[in-house]
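Peer 1: Dropping the structure in here first, questions after.
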Amino acid sequence: MTSFQGRRALITGGASGIGAACARAFAAGGAHVTVADIDGDAAARVAAEIGGESWRVDLADTGALAERRLDTDILVNNAGIQHVSPIEEFDPARFSLILRLMLEAPFLLIRAALPGMYERGFGRVINLSSVHGLRASKYKAAYVSAKHGLEGLSKVTALEGGEHGVTSNCIDPGYVRSPLVEKQIADQARLNGIGEDEVLARVLLAESAVKRLVEPEEVASLALWLAGPDAGMVTGASYTMDGGWSAR
């Protein structure tokens, strides 16, 4: 395993799912990990488990992030939510919330971290995007819009950061075995007119050649590699982990 001794990593949405898997993986590699999450108690539990620290933060409160500075070597933008609804019924406030949390907040965190990364001549920005950053699905206007925007933000960060030793990449998983996915099953069943027990096969895995969910630890393993020395020339890229969905 790559050694991250002496490195600091900040993982947003780090209290569960992909974020918790990333926090555990980077801590196992020797990094000092800050687990950032709106659920402060859950973040504290993960931080205690891995010997890191927790940061209770509402990333949708973008005003509070505007003047913040972050001292971290590795930034994993992972926090996100989902809302499933046809466009004509999509709550505008919910649309705005998702874009603040999943596009504006990553911009502000990158903005806060880059000065320190530039000063040290090293930085890794890893953006947890989605196959929905490359493809669209019905009923996910806000999520798809935010992820497409995150892909663009990641590429601009790569272009600006390259001369300073900073790389920026996206990881684009399909459906991951996580609370985010589990919470949308009922809505998917209702909107598609099928039973909840049919959602996995007929909706979530319909476009995937490999008929299973992605495991959070698989995503974390790719994040670990992108942050390591073997990926120094990898920047501005989007790595799919979607079981072949985007090959169609």
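Every chain in the structure tokens has a letter given in the order shown (A, B, ...), and although residue numbers restart at 1 in each chain, ligands are simply numbered from 1 in the order shown.
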If we count only C-alpha atoms, what is near A:Arg190 at a cut-off of 12 Å, once residues fewer than 4 positions away on the same chain are taken out, given as a PyMOL selection string?
Peer 2: chain A and resi 84-86+139+184-186+194-199+203
Peer 1: Can you write out as CSV which residues of stretch 5-44 of chain A fall within 6 Å of stretch 62-75 of chain A, alongside each residue's closest atom pair and its distance in Å to one decimal, counting only C-alpha atoms and ordering rows by chain and ascending residue number?
Peer 2:
```
residue,atom,partner,partner_atom,distance
A:Arg7,CA,A:Asp73,CA,6.0
A:Arg8,CA,A:Thr72,CA,5.1
A:Ala9,CA,A:Ile74,CA,4.5
A:Leu10,CA,A:Leu75,CA,5.0
```
Peer 1: Could you go through stretch 91-212 of chain A and tell me which residues DSSP, when run on the backbone, assigns to helix (DSSP H, G or I), listing them as a ChimeraX atom specification?
Peer 2: /A:92-120,131-133,141-164,179-182,185-192,196-204
Peer 1: Taking C-alpha atoms for each residue, export the selection above as a tab-separated table (two decimals), in the first residue's frame.
Peer 2:
```tsv
chain	number	residue	atom	x	y	z
A	92	PRO	CA	-36.87	24.44	-7.12
A	93	ALA	CA	-35.56	24.76	-3.57
A	94	ARG	CA	-34.39	21.14	-3.65
A	95	PHE	CA	-32.73	21.73	-7.04
A	96	SER	CA	-30.85	24.72	-5.62
A	97	LEU	CA	-29.82	22.79	-2.51
A	98	ILE	CA	-28.34	19.95	-4.53
A	99	LEU	CA	-26.32	22.33	-6.71
A	100	ARG	CA	-25.03	24.21	-3.65
A	101	LEU	CA	-23.99	21.02	-1.89
A	102	MET	CA	-22.58	19.12	-4.85
A	103	LEU	CA	-21.09	21.85	-7.07
A	104	GLU	CA	-20.71	25.16	-5.23
A	105	ALA	CA	-19.32	23.56	-2.06
A	106	PRO	CA	-16.64	21.56	-3.93
A	107	PHE	CA	-15.63	24.78	-5.71
A	108	LEU	CA	-15.32	26.60	-2.39
A	109	LEU	CA	-13.37	23.76	-0.77
A	110	ILE	CA	-10.99	23.54	-3.71
A	111	ARG	CA	-10.60	27.31	-3.58
A	112	ALA	CA	-9.82	27.06	0.14
A	113	ALA	CA	-7.29	24.24	-0.27
A	114	LEU	CA	-5.34	25.35	-3.34
A	115	PRO	CA	-3.21	28.12	-1.76
A	116	GLY	CA	-1.68	25.68	0.72
A	117	MET	CA	-1.25	23.00	-1.93
A	118	TYR	CA	0.46	25.50	-4.23
A	119	GLU	CA	2.76	26.62	-1.42
A	120	ARG	CA	3.84	23.02	-0.72
A	131	VAL	CA	-21.61	7.86	-14.25
A	132	HIS	CA	-24.31	10.56	-14.14
A	133	GLY	CA	-21.51	13.05	-14.68
A	141	ALA	CA	-32.29	16.77	-13.10
A	142	ALA	CA	-30.41	18.30	-10.17
A	143	TYR	CA	-28.05	15.39	-9.53
A	144	VAL	CA	-27.11	15.02	-13.20
A	145	SER	CA	-26.63	18.78	-13.57
A	146	ALA	CA	-24.43	18.96	-10.47
A	147	LYS	CA	-22.28	16.01	-11.52
A	148	HIS	CA	-21.81	17.35	-15.05
A	149	GLY	CA	-20.72	20.65	-13.50
A	150	LEU	CA	-18.32	18.87	-11.15
A	151	GLU	CA	-16.65	17.21	-14.12
A	152	GLY	CA	-15.97	20.63	-15.63
A	153	LEU	CA	-14.75	22.09	-12.35
A	154	SER	CA	-12.36	19.18	-11.93
A	155	LYS	CA	-10.84	19.75	-15.36
A	156	VAL	CA	-10.34	23.47	-14.77
A	157	THR	CA	-8.66	22.67	-11.44
A	158	ALA	CA	-6.36	20.26	-13.27
A	159	LEU	CA	-5.34	22.88	-15.81
A	160	GLU	CA	-4.68	25.55	-13.21
A	161	GLY	CA	-3.01	23.24	-10.71
A	162	GLY	CA	-0.67	21.34	-13.00
A	163	GLU	CA	2.28	23.71	-12.77
A	164	HIS	CA	1.96	23.71	-8.97
A	179	PRO	CA	-27.32	4.89	1.96
A	180	LEU	CA	-27.62	7.32	-0.98
A	181	VAL	CA	-28.74	4.50	-3.26
A	182	GLU	CA	-30.90	2.72	-0.71
A	185	ILE	CA	-35.49	2.73	-4.14
A	186	ALA	CA	-39.04	3.61	-3.09
A	187	ASP	CA	-39.13	6.68	-5.37
A	188	GLN	CA	-37.72	4.73	-8.30
A	189	ALA	CA	-40.38	2.05	-7.82
A	190	ARG	CA	-43.16	4.64	-7.74
A	191	LEU	CA	-41.96	6.61	-10.76
A	192	ASN	CA	-41.28	3.52	-12.86
A	196	GLU	CA	-39.35	-2.09	-4.90
A	197	ASP	CA	-37.92	-5.60	-5.27
A	198	GLU	CA	-37.62	-4.99	-9.03
A	199	VAL	CA	-35.71	-1.69	-8.85
A	200	LEU	CA	-32.24	-3.21	-8.57
A	201	ALA	CA	-32.49	-5.34	-11.70
A	202	ARG	CA	-34.79	-3.18	-13.84
A	203	VAL	CA	-33.49	0.30	-13.01
A	204	LEU	CA	-30.22	0.44	-11.08
```
Peer 1: What lies within 12 Å of A:Ile50 using only C-alpha atoms, ignoring chain neighbours under 6 positions off, as a compact mmCIF listing (two decimals) with C-alpha atoms, in the first residue's frame?
Peer 2:
```txt
# COMPACT_ATOMS: atom_id res chain seq x y z
CA GLY A 14 -16.98 10.94 5.41
CA ALA A 15 -19.34 9.49 8.00
CA ALA A 20 -16.23 6.39 5.29
CA ALA A 21 -14.50 3.82 3.07
CA CYS A 22 -12.14 6.53 1.79
CA ALA A 23 -11.47 7.77 5.32
CA ARG A 24 -10.54 4.26 6.47
CA ALA A 25 -8.37 3.63 3.40
CA PHE A 26 -6.36 6.85 3.70
CA ALA A 27 -5.94 6.38 7.46
CA ALA A 28 -4.71 2.81 6.88
CA GLY A 29 -2.17 4.30 4.48
CA GLY A 30 -0.85 6.60 7.19
CA ALA A 31 -2.61 9.87 6.39
CA HIS A 32 -4.10 12.08 9.07
CA VAL A 33 -7.76 12.16 8.06
CA THR A 34 -10.41 14.76 8.77
CA VAL A 35 -13.91 13.31 8.47
CA ALA A 43 -18.26 11.74 11.78
CA ALA A 44 -16.80 11.65 15.28
```
Peer 1: Could you list, as a PDB file with C-alpha atoms, in the first residue's frame, every residue within 9 Å of A:Thr167, counting only C-alpha atoms and ignoring same-chain residues fewer than 2 positions away?
Peer 2:
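And here's around_30.pdb as it stands now:
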```pdb
ATOM      1  CA  PHE A 122       1.750  19.092  -3.895  1.00  0.00           C
ATOM      2  CA  GLY A 123      -1.971  18.478  -3.888  1.00  0.00           C
ATOM      3  CA  ARG A 124      -4.548  15.892  -4.855  1.00  0.00           C
ATOM      4  CA  VAL A 125      -8.157  16.863  -5.557  1.00  0.00           C
ATOM      5  CA  ILE A 126     -10.403  13.837  -5.979  1.00  0.00           C
ATOM      6  CA  THR A 157      -8.664  22.665 -11.441  1.00  0.00           C
ATOM      7  CA  ALA A 158      -6.361  20.257 -13.268  1.00  0.00           C
ATOM      8  CA  LEU A 159      -5.339  22.882 -15.813  1.00  0.00           C
ATOM      9  CA  GLY A 161      -3.007  23.242 -10.714  1.00  0.00           C
ATOM     10  CA  GLY A 162      -0.666  21.345 -13.003  1.00  0.00           C
ATOM     11  CA  HIS A 164       1.958  23.714  -8.973  1.00  0.00           C
ATOM     12  CA  GLY A 165       2.096  19.945  -8.432  1.00  0.00           C
ATOM     13  CA  ASN A 169      -9.574  13.926 -11.168  1.00  0.00           C
ATOM     14  CA  LEU A 226      -5.145   8.711  -7.608  1.00  0.00           C
ATOM     15  CA  ALA A 227      -3.626  10.341  -4.527  1.00  0.00           C
ATOM     16  CA  ALA A 231      -0.720   8.872 -10.548  1.00  0.00           C
ATOM     17  CA  GLY A 232       1.381  12.022 -10.763  1.00  0.00           C
ATOM     18  CA  MET A 233       0.697  12.334 -14.499  1.00  0.00           C
ATOM     19  CA  VAL A 234      -2.996  11.549 -14.164  1.00  0.00           C
ATOM     20  CA  THR A 235      -4.988  14.770 -14.076  1.00  0.00           C
ATOM     21  CA  GLY A 236      -8.114  16.166 -15.670  1.00  0.00           C
TER      22      GLY A 236
END
```
Peer 1: Pick the closest to A:Glu217 from A:Ser238, A:Ser129, A:Ser178, A:Thr12: which is it, counting only C-alpha atoms?
Peer 2: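 The answer is A:Ser178, which sits nearest to A:Glu217.
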Peer 1: Which of stretch 25-239 of chain A end up as strand (DSSP E or B) when DSSP is run on this backbone - answer as a PyMOL selection string?
Peer 2: chain A and resi 32-37+53-56+74-77+123-128+166-173+176+214+238-239
